[in-house]
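Remarks on the structure that follows.
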Amino acid sequence: FLSSSELLQAKKKLQDEEEAFEIAKLEYESFVNYVHPMRIEKANTTLKRASSKLEESTRIGVIKIIRDRSLLDHARAELLDLHQQLKNAEAVLLLTDIRAPSPGIVVLKEEFRNGLRRKPRVGDQVIRNQPILDLPDLDSMIVKTKVREADLYKIGIGKSAAISLDAYPQLYLKGRVLSIGVLALSDSNKMGDEKYFDIRIGLDHGDPQLRPGMTARSVILADRVNNKLSIPIHSVFEKDKKHYCYIKRGKNYLLTPIQLGASNEYWTQIDSGIEKGDEVCLSMPSKSLIISDAEKGTDK
């Protein structure tokens, strides 16, 4: 048998359990009817977002892969082209080796650059068809010289010449005029308007002592006159575009017109006006000693 207190306790417990059951029932119904659907809807929404993001990521990834493959193919093509360019450049580089056809001396070619005539230097830009160096043939050397415009008429192709060298004063060589420049040039190192023409003289025979760039002095045989009367060039004077000389007559000097022929730096040929054996004055005599044709019979 149960006591009344135990019975009350049992009823109280049953009432508590019934209340707990009702609360649990309400929570269950709320979960089933509200919470669970909301969670499912939220999960579905999240799933849709994730699926959409996955699709977008997949699409972007595919596009990026295609683009990267295109870039890779382009890079490979460029790499192959660069390899071919390198191969071609190496082949061209082999062709730039300059080999002399024979033993000799290499001379850098002087050209005008920025207004200055100079030899090429490291770092200069190479111009197409630009001569850079010469390989002179020491067995056929050429002398480069020049002649004044006033003396050009004396020079001709084939004229013989005598050449001496400052480096070897005892060495004398023979040659002939090969060419005469077609343009009159000015010497920038000299004052005045005097013109000159370039002359090229070819040596008849070379010499082992010759080197390109040496200083040479040349004498060109313009003409040869045999058995003709001649006087020193310093004894010829000019007045009114006529030539005269002073012939000694006793203590005086006779002013005599003369006709000149061929001449050089020291002597001139006389065609008329002087006889063999006449003495001529090498400088202008004093006016008191000069006589004319009318006075030549008397001495002053």
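Simple scheme: letters A, B, ... for chains in structure tokens order, numbers from 1 for residues in each chain, numbers from 1 for ligands in the order shown.
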
Neighbours of A:Leu260 within 6 Å (only C-alpha atoms; same-chain residues fewer than 5 positions away dropped), as a PyMOL selection string? chain A and resi 269-271

Considering only C-alpha atoms, return as a list in words whatever protein or nucleic-acid residues lie within 8 Å of A:Asp223, sequence-local ones (same chain, fewer than 2 positions apart) excluded.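 Everything that qualifies: Lys154, Leu221, Val225 and Ala262 of chain A.
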
Write the residues of the selection above to a file with C-alpha atoms, as a compact mmCIF listing (two decimals), in the first residue's frame.
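Printed below is out-v9.txt as written:
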```
# COMPACT_ATOMS: atom_id res chain seq x y z
CA LYS A 154 101.83 70.23 -117.05
CA LEU A 221 108.58 64.93 -115.10
CA VAL A 225 113.69 69.64 -123.39
CA ALA A 262 108.80 75.06 -120.91
```

Write out as a ChimeraX atom specification the set of residues from stretch 26-250 of chain A that DSSP, computed on the backbone, places in strand (DSSP E). /A:107-108,111-113,116-118,133-134,142-148,160-165,172-180,185-186,195-203,216-220,230-232,237-239,242-249

One-decimal distance in Å that lies between atom CA of A:Met141 and atom CA of A:Leu171: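 So the two atoms, atom CA of A:Leu171 and atom CA of A:Met141, lie 14.7 Å apart.
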
Rank nothing, just name the residue among A:Leu289, A:Arg224, A:Met284, A:Thr45 nearest to A:Gly250, using only C-alpha atoms.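 Among the listed residues, the smallest separation from A:Gly250 belongs to A:Leu289.
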
Got a sec: who's within 10 Å of stretch 227-231 of chain A, counting only C-alpha atoms, leaving out chain neighbours fewer than 6 positions off, as a list in words?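 Listing them by chain and then by number gives Cys245, Leu260, Gly261, Ala262, Ser263, Tyr266, Trp267, Thr268, Gln269, Ile270, Asp271, Ser272, Ile274, Glu275, Lys276, Gly277, Asp278, Glu279, Val280 and Leu282 of chain A.
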
Writer output for current selection, C-alpha atoms, as an mmCIF file, in the first residue's frame:
```cif
data_model
loop_
_atom_site.group_PDB
_atom_site.id
_atom_site.type_symbol
_atom_site.label_atom_id
_atom_site.label_comp_id
_atom_site.auth_asym_id
_atom_site.auth_seq_id
_atom_site.Cartn_x
_atom_site.Cartn_y
_atom_site.Cartn_z
ATOM 1 C CA CYS A 245 115.229 89.709 -118.003
ATOM 2 C CA LEU A 260 109.445 81.689 -122.495
ATOM 3 C CA GLY A 261 109.057 78.022 -123.268
ATOM 4 C CA ALA A 262 108.802 75.063 -120.912
ATOM 5 C CA SER A 263 109.772 75.671 -117.278
ATOM 6 C CA TYR A 266 114.202 76.189 -111.072
ATOM 7 C CA TRP A 267 114.717 76.728 -114.821
ATOM 8 C CA THR A 268 112.803 78.085 -117.778
ATOM 9 C CA GLN A 269 113.392 77.621 -121.495
ATOM 10 C CA ILE A 270 114.035 80.739 -123.609
ATOM 11 C CA ASP A 271 112.643 80.731 -127.139
ATOM 12 C CA SER A 272 113.892 84.197 -128.050
ATOM 13 C CA ILE A 274 118.718 85.912 -125.210
ATOM 14 C CA GLU A 275 121.819 84.502 -126.838
ATOM 15 C CA LYS A 276 123.991 81.739 -125.520
ATOM 16 C CA GLY A 277 126.641 83.175 -123.210
ATOM 17 C CA ASP A 278 124.600 86.199 -122.075
ATOM 18 C CA GLU A 279 124.856 86.941 -118.382
ATOM 19 C CA VAL A 280 121.498 87.578 -116.652
ATOM 20 C CA LEU A 282 119.056 86.981 -110.688
#
```

Quick one: residues within 7 Å of A:Ile220, only C-alpha atoms counted, chain neighbours fewer than 4 positions away excluded, as a compact mmCIF listing (two decimals) with N, CA and C atoms, in the first residue's frame?
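Output file around_22.txt follows:
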```
# COMPACT_ATOMS: atom_id res chain seq x y z
N LYS A 159 102.83 60.25 -117.17
CA LYS A 159 104.05 61.00 -116.93
C LYS A 159 104.90 60.29 -115.88
N SER A 160 106.19 60.27 -116.10
CA SER A 160 107.09 59.61 -115.15
C SER A 160 107.31 60.49 -113.93
N ALA A 161 107.65 59.86 -112.81
CA ALA A 161 107.84 60.59 -111.56
C ALA A 161 108.94 59.93 -110.74
N ALA A 162 109.60 60.74 -109.93
CA ALA A 162 110.62 60.25 -109.00
C ALA A 162 110.09 60.46 -107.59
```
